[in-house]
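K.L.:
So that we are looking at the same thing, I have put the structure below in structure tokens.
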Amino acid sequence: QLQLVESGGGLVQPGGSLRLSCAASGFTLDYYAIGWFRQAPGKEREGVSCISSSGGSTNYADSVKDRFTISRDNNKNTVYLQMNSLKPEDTAVYYCAAVVTVQAMCIMTRTYYRMGYWGKGTLVTVSS
């Protein structure tokens, strides 16, 4: 079964950190760009970060720049999202998505990943 599984979410206080993981099973991520998205209650799903298949290109939403870091370990078939200095407005369900591509740059839109794979999400709650 081909799937992506997110993990690492939970409850954290403002200013805290979490590391999300996106693990692939049934296929290898080597040729896939990966995007992280989030959806807060009552809001549209938005792009948070992305990383190219080579890992040489990354991109971040302005709201998370300098706080979040995306990385990938192809040996573990996993992509990570390190989230530091978390704020209450970061509360959301976080999803990862994968699309096969040869592009050097990654793209952080839902449309780009519409023909790829999506995980079911992991909940991040930032609250005191």
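We name chains A, B, ... following the order of the structure tokens; residues begin at 1 in each chain, and ligands are numbered from 1 as shown.
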Report as a count of residues only all protein, DNA and RNA residues lying within 8 Å of segment 101-115 of chain A, evaluated on only C-alpha atoms, omitting residues in the same chain fewer than 6 positions from it.
P.N.:
19
K.L.:
At a cut-off of 7 Å, can you tabulate as JSON lines every residue of segment 25-85 of chain A near segment 14-18 of chain A together with its closest atom pair and the distance in Å to one decimal, using only C-alpha atoms and ordering rows by chain then number?
P.N.:
{"residue": "A:Gln82", "atom": "CA", "partner": "A:Leu18", "partner_atom": "CA", "distance": 6.2}
{"residue": "A:Met83", "atom": "CA", "partner": "A:Leu18", "partner_atom": "CA", "distance": 5.3}
{"residue": "A:Asn84", "atom": "CA", "partner": "A:Ser17", "partner_atom": "CA", "distance": 4.4}
{"residue": "A:Ser85", "atom": "CA", "partner": "A:Gly15", "partner_atom": "CA", "distance": 4.1}
K.L.:
Kindly export the residues of the current selection with all heavy atoms, as a short mmCIF file (atom, residue, chain, number, x, y, z; two decimals), in the first residue's frame.
P.N.:
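Saved as again24.cif:
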data_model
loop_
_atom_site.label_atom_id
_atom_site.label_comp_id
_atom_site.auth_asym_id
_atom_site.auth_seq_id
_atom_site.Cartn_x
_atom_site.Cartn_y
_atom_site.Cartn_z
N GLN A 82 11.04 20.64 11.33
CA GLN A 82 11.40 21.11 12.66
C GLN A 82 10.73 22.45 12.90
O GLN A 82 10.94 23.39 12.13
CB GLN A 82 12.92 21.25 12.78
CG GLN A 82 13.39 21.78 14.12
CD GLN A 82 13.12 20.82 15.26
OE1 GLN A 82 13.34 19.61 15.12
NE2 GLN A 82 12.66 21.34 16.39
N MET A 83 9.94 22.52 13.95
CA MET A 83 9.17 23.72 14.24
C MET A 83 9.62 24.28 15.58
O MET A 83 9.45 23.62 16.61
CB MET A 83 7.67 23.41 14.26
CG MET A 83 7.18 22.71 13.00
SD MET A 83 5.39 22.54 12.93
CE MET A 83 5.11 21.49 14.35
N ASN A 84 10.19 25.47 15.56
CA ASN A 84 10.65 26.13 16.78
C ASN A 84 9.86 27.40 17.02
O ASN A 84 9.17 27.90 16.12
CB ASN A 84 12.14 26.47 16.64
CG ASN A 84 13.01 25.24 16.46
OD1 ASN A 84 12.71 24.17 16.97
ND2 ASN A 84 14.11 25.40 15.73
N SER A 85 9.97 27.92 18.22
CA SER A 85 9.29 29.16 18.59
C SER A 85 7.82 29.13 18.19
O SER A 85 7.31 30.08 17.57
CB SER A 85 10.00 30.36 17.93
OG SER A 85 11.36 30.42 18.28
#
K.L.:
Could you work out how far atom CA of Gly119 of chain A lies from atom CA of Ala40 of chain A, giving the answer in Å with one decimal?
P.N.:
16.1 Å
